[in-house]
Amino acid sequence: MSARTSVEKQAEPIEGSRFFGRLWRGRVVVVTALCVVVVLALSVLGILAGSSSLSFSDVVVTLLGGGTSGQELIVFDLRLPRVVGGVAVGAALGLAGALTQTFARNPLATPDILGVTSGAALGAVAAIVLAGGSYSVAAGLLSLGLPAVAAIGALLTAAVVYGLAWRGGVDSYRLILIGIGATAALGGITSYLIARAQITEAAAAAQWLVGSLSGISWASVWPVLVVLLVVTPIAVLQSSSLDISQLGDDLSTGLGVAVQRHRVVVIMCAVLLTAAAVSASGPIEFVAFVAPQIARRMARTGRPPLLASALMGAVIVVGGDALVRGVLPGEVPVGIITAIIGAPYLIWLLTRRKERESYA
Amino acid sequence: MRRATVLSSRRAAVLVSLTLGLLVIAFASLMLGSNHLSPATVISGLLDPSQDVGNVVQGSRIPRTALGLLVGVCLGIAGAVMQGQTRNPLADPGIFGVSAGASLAVVISIYVFDTSSVITTLWLALAGATVASVVVFAVAALGNGLSSPVPLAIAGTAVSALLVALTSYLVLSDETTLAAYRIWVVGSLSGRTLTGIGAALVFAAAGLIFATANIRSLNNLALGTELAHGLGENLLRARIVGLAAITLLTAAGVALVGPIGFVGLTAPHIARSLVGGNHYWLLPTSGVIGAGVLLACDVIGRLIGGTAEVPVGVVLTVVGGIVFIVIVRRGRMATL
């Protein structure tokens, strides 16, 4: 009897998601709506907070087009890109994390751990450091712009890690371990580049490596928004396949999912999102890991809900950035805050994990 | 009985030939570099320090080679003890947060005390390495246990990420700290001096004593914790002795030349394929191979870089990364 109940419990979400995806189930809708409200509130707070004080009415007037040129500069060119950038980067990371965690059926499989972030970091540091010298490759790299080089690094690393983890199929543990190896190796090369650079370039590279929204401008926000707008619908369309793939490869094939194609689509989505986010803001660590897990716990679903994870990522990044600007002294990069919060959470999760391959 | 004798004489032969090979590499390390020397000049330089050649040999090549030998032995044995203790084929002090802990401690020493003296660095590196390794082991032991590769590797990654975040915060707020840290963090044998090598030798010797004392326990642990317990092994004591060995040996190495990853990963695997899993043979062989790998990579780094040589840490990152991936892909990871 009890065995039967548990089978029914597992089967129920698939039943509900056959046509509309998990997205529309009651609790998920509430959590998603709640996240939207919090993101909006934090964004308003983000526009209000800062070194030169603008009142709420000033901001509203300026947003509607009635501010002075000074107010317009502050709101449109300094604070708005930072807030919109934070929302976009956080959403991209949260969604990427939800996708990789679901596809690998493992909460530890995030873009950080799979090496995508360290590939982007190596690309960006190479662009910063080698651009100062007379290296012809570097000149070519720089003409592409730092975000583009970071994105190339991320895509190449993802391809290499995935290729190396392939042995007649991809096992999620092998993928994670290869990712860790790649992260260690790429990290070594990154520190070498920093060590031989000029000190100012080394400082710029170190600054970039912690992940911060302080230098973000519209030029780097647009690509993330475009990628988000393109990738999110594709990811949501994969929703029901993601649900079914939780049952394992054999069963999914039996239920009519083209497993390998579905998997490649999901990975491509996740990598594009990560590459876009990291190239805009630098690696803001642990967002991709933490956001889907919090969203999943709040929504009480079997796998991370996609949209709620994205919004939770936005909450974390914008909230963290508001925290560093408004509360903490000095300019602490938001990436340090997310690492200090995220790493202990991961450690706590590890100490509770007894079952292989199951969500915490 | 007779088979055992044959086996151990074969292992002894392997160990002797490896040692001879190490001597050859060490001599090559004296010869090769930005200024190549012939064997005869090296020997005359060794005998007579007053010449110009003697200056090169005694002033830069000998310290560098000696450091490489010492650190390589330390890291090779530390890796073998770590893999034996955890029965985890991916165990390496560099991957498991020990180096990140040492790095944070060193950055604190530069930031707070404004010092980069080897002795202070050594103590702080020891403290940082100890804290980090205890935390990583505790996290993994509380979760799935030490022998499963993934929890230990993730615990190492998580603890490293936290420590690196704190390190970056300090480094970003002070450019002098950044200047010192970025040089230190790339493991390199060049530009390091022999000052403080005495203190490091004490650490290394203590670590070697602990490692030797741990050999019997390591052989018992290889049978599984239950069986080891049944054989009368005091597990807690075995763990503490092993952890002391790992931490002391790693700290000595890291304090002298900066964090160097993958030696501790690579050397025991090569050693195991040559002399098998008995730790009486495995530990010394890993030490010899660790020294050989480190020195060989250092020589390669001197030769491929042109005028600016590539630090040994970077060469090892590439070589070790490949070894790591080969081990993972071989796929029999649960059993060691």
# chains A, B, ... in the order shown; residues from 1 in each chain; ligands from 1
>>> interface_residues(of="chain A", to="chain B", cutoff="7 Å", atoms="only C-alpha atoms", output="list in words")
Arg174, Leu177, Ile178, Gly181, Ala182, Ala185, Gly188, Ile189, Ser191, Tyr192, Ile194, Ala195, Ile199, Ala206, Gln207, Ile336, Ala339, Ile340, Ala343, Leu346, Ile347, Leu350, Thr351, Arg352, Arg353 and Lys354 of chain A
>>> write_last_selection(atoms="C-alpha atoms", output="mmCIF file, in the first residue's frame")
data_model
loop_
_atom_site.group_PDB
_atom_site.id
_atom_site.type_symbol
_atom_site.label_atom_id
_atom_site.label_comp_id
_atom_site.auth_asym_id
_atom_site.auth_seq_id
_atom_site.Cartn_x
_atom_site.Cartn_y
_atom_site.Cartn_z
ATOM 1 C CA ARG A 174 31.850 11.829 -14.806
ATOM 2 C CA LEU A 177 34.534 15.343 -12.133
ATOM 3 C CA ILE A 178 35.838 16.324 -15.565
ATOM 4 C CA GLY A 181 39.519 18.935 -13.330
ATOM 5 C CA ALA A 182 39.005 21.504 -16.068
ATOM 6 C CA ALA A 185 43.600 23.389 -14.841
ATOM 7 C CA GLY A 188 46.175 27.570 -12.945
ATOM 8 C CA ILE A 189 46.596 29.117 -16.381
ATOM 9 C CA SER A 191 46.737 32.823 -12.329
ATOM 10 C CA TYR A 192 49.793 32.495 -14.519
ATOM 11 C CA ILE A 194 47.751 37.440 -13.932
ATOM 12 C CA ALA A 195 51.227 36.849 -12.509
ATOM 13 C CA ILE A 199 50.095 45.355 -12.028
ATOM 14 C CA ALA A 206 41.363 40.307 -10.296
ATOM 15 C CA GLN A 207 38.483 42.769 -10.127
ATOM 16 C CA ILE A 336 32.092 37.878 -3.020
ATOM 17 C CA ALA A 339 30.226 33.099 -2.681
ATOM 18 C CA ILE A 340 30.203 33.739 1.057
ATOM 19 C CA ALA A 343 29.557 28.067 -0.450
ATOM 20 C CA LEU A 346 26.623 23.931 -0.660
ATOM 21 C CA ILE A 347 28.662 22.559 2.246
ATOM 22 C CA LEU A 350 26.779 18.009 1.145
ATOM 23 C CA THR A 351 26.693 17.051 4.805
ATOM 24 C CA ARG A 352 23.050 16.039 4.373
ATOM 25 C CA ARG A 353 23.451 14.069 1.173
ATOM 26 C CA LYS A 354 23.358 10.361 1.729
#
>>> residues_around(residues="Val312 of chain B", least_positions_apart="3", cutoff="6 Å", atoms="only C-alpha atoms", output="list in words")
Ser188, Cys297, Asp298, Gly301 and Val315 of chain B
>>> residues_around(residues="Ala270 of chain A", least_positions_apart="5", cutoff="8 Å", atoms="only C-alpha atoms", output="ChimeraX atom specification")
/A:95-97,99-100,111
>>> residues_around(residues="segment 279-289 of chain B", least_positions_apart="4", cutoff="6 Å", atoms="only C-alpha atoms", output="PDB file with N, CA and C atoms, in the first residue's frame")
ATOM      1  N   VAL B  73      59.169  15.393  -3.208  1.00  0.00           N
ATOM      2  CA  VAL B  73      59.045  14.253  -2.296  1.00  0.00           C
ATOM      3  C   VAL B  73      57.872  14.469  -1.353  1.00  0.00           C
ATOM      4  N   GLY B  76      54.484  14.244  -3.279  1.00  0.00           N
ATOM      5  CA  GLY B  76      54.222  12.878  -3.742  1.00  0.00           C
ATOM      6  C   GLY B  76      53.756  11.992  -2.601  1.00  0.00           C
ATOM      7  N   ILE B  77      54.460  12.078  -1.443  1.00  0.00           N
ATOM      8  CA  ILE B  77      54.078  11.235  -0.306  1.00  0.00           C
ATOM      9  C   ILE B  77      52.754  11.707   0.275  1.00  0.00           C
ATOM     10  N   ILE B 215      51.969   3.859   7.824  1.00  0.00           N
ATOM     11  CA  ILE B 215      51.990   2.878   6.730  1.00  0.00           C
ATOM     12  C   ILE B 215      51.151   1.645   7.032  1.00  0.00           C
ATOM     13  N   ALA B 267      51.693  11.364  -8.885  1.00  0.00           N
ATOM     14  CA  ALA B 267      52.768  10.470  -8.453  1.00  0.00           C
ATOM     15  C   ALA B 267      52.249   9.136  -7.904  1.00  0.00           C
ATOM     16  N   PRO B 268      51.258   9.129  -6.985  1.00  0.00           N
ATOM     17  CA  PRO B 268      50.822   7.831  -6.455  1.00  0.00           C
ATOM     18  C   PRO B 268      50.240   6.913  -7.522  1.00  0.00           C
ATOM     19  N   ALA B 271      53.132   5.414  -9.287  1.00  0.00           N
ATOM     20  CA  ALA B 271      53.803   4.507  -8.356  1.00  0.00           C
ATOM     21  C   ALA B 271      53.006   3.213  -8.202  1.00  0.00           C
ATOM     22  N   VAL B 293      58.776  14.102 -11.235  1.00  0.00           N
ATOM     23  CA  VAL B 293      57.776  14.818 -12.036  1.00  0.00           C
ATOM     24  C   VAL B 293      57.944  16.323 -11.866  1.00  0.00           C
TER      25      VAL B 293
END
>>> select_by_dssp(residues="segment 43-146 of chain B", states="alpha helix (DSSP H)", output="VMD selection string")
chain B and resid 43 to 47 52 to 54 62 to 86 98 to 113 118 to 142
>>> write_last_selection(atoms="C-alpha atoms", output="compact mmCIF listing (two decimals), in the first residue's frame")
# COMPACT_ATOMS: atom_id res chain seq x y z
CA ILE B 43 80.89 19.46 -12.30
CA SER B 44 83.64 22.07 -12.25
CA GLY B 45 81.07 24.61 -11.02
CA LEU B 46 80.03 22.23 -8.29
CA LEU B 47 83.62 21.79 -7.19
CA ASP B 52 81.26 32.45 -12.93
CA VAL B 53 79.85 29.02 -13.75
CA GLY B 54 80.04 28.13 -10.10
CA ILE B 62 71.37 24.14 -6.89
CA PRO B 63 68.78 25.93 -4.72
CA ARG B 64 66.18 25.40 -7.37
CA THR B 65 66.97 21.73 -7.80
CA ALA B 66 67.10 21.15 -4.05
CA LEU B 67 63.74 22.87 -3.60
CA GLY B 68 62.25 20.80 -6.40
CA LEU B 69 63.51 17.56 -4.84
CA LEU B 70 62.27 18.41 -1.36
CA VAL B 71 58.86 19.73 -2.43
CA GLY B 72 58.34 16.91 -4.93
CA VAL B 73 59.05 14.25 -2.30
CA CYS B 74 56.72 15.98 0.18
CA LEU B 75 53.84 16.36 -2.26
CA GLY B 76 54.22 12.88 -3.74
CA ILE B 77 54.08 11.23 -0.31
CA ALA B 78 51.29 13.55 0.87
CA GLY B 79 49.23 12.52 -2.15
CA ALA B 80 49.87 8.82 -1.51
CA VAL B 81 48.83 9.16 2.16
CA MET B 82 45.76 11.16 1.15
CA GLN B 83 44.67 8.63 -1.46
CA GLY B 84 45.28 5.80 0.99
CA GLN B 85 43.38 7.50 3.79
CA THR B 86 40.39 8.41 1.65
CA VAL B 98 44.55 22.75 1.29
CA SER B 99 46.29 25.14 -1.08
CA ALA B 100 43.41 27.63 -0.94
CA GLY B 101 43.63 27.63 2.86
CA ALA B 102 47.35 28.21 2.74
CA SER B 103 46.85 31.00 0.17
CA LEU B 104 44.35 32.83 2.35
CA ALA B 105 46.68 32.57 5.33
CA VAL B 106 49.57 33.93 3.29
CA VAL B 107 47.45 36.83 2.02
CA ILE B 108 46.42 37.63 5.57
CA SER B 109 50.07 37.65 6.58
CA ILE B 110 50.95 40.10 3.81
CA TYR B 111 47.86 42.22 4.41
CA VAL B 112 47.92 42.38 8.20
CA PHE B 113 51.55 41.88 9.17
CA VAL B 118 59.42 32.41 4.75
CA ILE B 119 59.16 31.49 8.42
CA THR B 120 55.95 33.48 8.97
CA THR B 121 54.57 32.19 5.68
CA LEU B 122 55.40 28.66 6.73
CA TRP B 123 53.51 28.86 10.01
CA LEU B 124 50.54 30.62 8.48
CA ALA B 125 50.46 28.24 5.52
CA LEU B 126 50.48 25.38 8.00
CA ALA B 127 47.60 26.90 9.94
CA GLY B 128 45.58 27.62 6.80
CA ALA B 129 46.27 24.19 5.32
CA THR B 130 45.26 22.47 8.56
CA VAL B 131 41.99 24.35 8.92
CA ALA B 132 41.03 23.83 5.28
CA SER B 133 41.87 20.12 5.22
CA VAL B 134 40.06 19.42 8.49
CA VAL B 135 36.95 21.23 7.21
CA VAL B 136 37.01 19.44 3.84
CA PHE B 137 37.47 16.02 5.43
CA ALA B 138 34.77 16.70 8.01
CA VAL B 139 32.27 17.85 5.39
CA ALA B 140 32.90 14.83 3.20
CA ALA B 141 32.87 12.40 6.15
CA LEU B 142 29.54 13.81 7.38
>>> residues_around(residues="Leu108 of chain A", least_positions_apart="6", cutoff="8 Å", atoms="only C-alpha atoms", output="list in words")
Gln101, Ile176 and Phe289 of chain A; Ile154 of chain B
>>> closest_residue(among="B:Ala28, B:Ala13, B:Leu20, B:Leu256", to="Gly198 of chain B", atoms="only C-alpha atoms")
B:Leu256
>>> atom_distance(atom1="atom CA of Asp171 of chain A", atom2="atom CA of Ala104 of chain A")
7.9 Å
>>> closest_residue(among="B:Leu189, B:Ser9, B:Leu295, B:Arg61", to="Met31 of chain B", atoms="only C-alpha atoms")
B:Arg61
>>> residues_around(residues="Thr190 of chain A", least_positions_apart="6", cutoff="9 Å", atoms="only C-alpha atoms", output="list in words")
Ser118, Ala121, Leu122, Gly123, Val125 and Ala126 of chain A
>>> write_last_selection(atoms="C-alpha atoms", output="compact mmCIF listing (two decimals), in the first residue's frame")
# COMPACT_ATOMS: atom_id res chain seq x y z
CA SER A 118 36.35 29.14 -15.46
CA ALA A 121 37.25 33.67 -16.80
CA LEU A 122 40.33 32.47 -18.68
CA GLY A 123 39.05 34.09 -21.87
CA VAL A 125 41.65 37.49 -18.26
CA ALA A 126 43.53 36.64 -21.44
>>> atom_distance(atom1="atom CA of Val290 of chain A", atom2="atom CA of Val160 of chain A")
25.1 Å
>>> residues_around(residues="segment 305-315 of chain A", least_positions_apart="2", cutoff="7 Å", atoms="only C-alpha atoms", output="list in words")
Leu23, Val31, Thr32, Cys35, Val36, Val38, Val39, Gly86, Val87, Ala88, Gly90, Ala91, Ala92, Leu93, Gly94, Leu95, Ala98, Val287, Ala291, Pro292, Ala295, Arg296, Arg303, Val317, Val318 and Gly319 of chain A
>>> write_last_selection(atoms="C-alpha atoms", output="mmCIF file, in the first residue's frame")
data_model
loop_
_atom_site.group_PDB
_atom_site.id
_atom_site.type_symbol
_atom_site.label_atom_id
_atom_site.label_comp_id
_atom_site.auth_asym_id
_atom_site.auth_seq_id
_atom_site.Cartn_x
_atom_site.Cartn_y
_atom_site.Cartn_z
ATOM 1 C CA LEU A 23 4.932 25.766 -14.705
ATOM 2 C CA VAL A 31 6.209 31.266 -5.819
ATOM 3 C CA THR A 32 6.835 32.679 -9.280
ATOM 4 C CA CYS A 35 9.561 36.321 -6.944
ATOM 5 C CA VAL A 36 8.322 38.826 -9.535
ATOM 6 C CA VAL A 38 10.358 40.849 -4.852
ATOM 7 C CA VAL A 39 12.438 41.474 -7.983
ATOM 8 C CA GLY A 86 21.549 42.479 -12.302
ATOM 9 C CA VAL A 87 18.096 41.120 -13.083
ATOM 10 C CA ALA A 88 19.197 39.761 -16.466
ATOM 11 C CA GLY A 90 20.739 36.669 -12.183
ATOM 12 C CA ALA A 91 17.883 35.296 -14.266
ATOM 13 C CA ALA A 92 20.267 33.831 -16.828
ATOM 14 C CA LEU A 93 22.368 32.149 -14.134
ATOM 15 C CA GLY A 94 19.322 30.846 -12.262
ATOM 16 C CA LEU A 95 17.806 29.379 -15.407
ATOM 17 C CA ALA A 98 17.994 24.865 -13.150
ATOM 18 C CA VAL A 287 23.902 31.906 -8.071
ATOM 19 C CA ALA A 291 18.777 29.824 -6.925
ATOM 20 C CA PRO A 292 17.266 26.607 -8.373
ATOM 21 C CA ALA A 295 13.114 27.780 -5.809
ATOM 22 C CA ARG A 296 12.640 24.015 -5.756
ATOM 23 C CA ARG A 303 12.952 19.317 -9.986
ATOM 24 C CA VAL A 317 21.903 39.120 -7.636
ATOM 25 C CA VAL A 318 19.887 42.352 -7.400
ATOM 26 C CA GLY A 319 19.398 41.884 -3.672
#
>>> atom_distance(atom1="atom CA of Val129 of chain A", atom2="atom CA of Gly145 of chain A")
13.0 Å
>>> closest_residue(among="A:Val221, A:Val226, A:Val116, A:Leu155", to="Leu186 of chain A", atoms="only C-alpha atoms")
A:Val116
>>> closest_residue(among="B:Leu221, B:Leu7, B:Leu265, B:Ile240", to="Asp92 of chain B", atoms="only C-alpha atoms")
B:Leu265
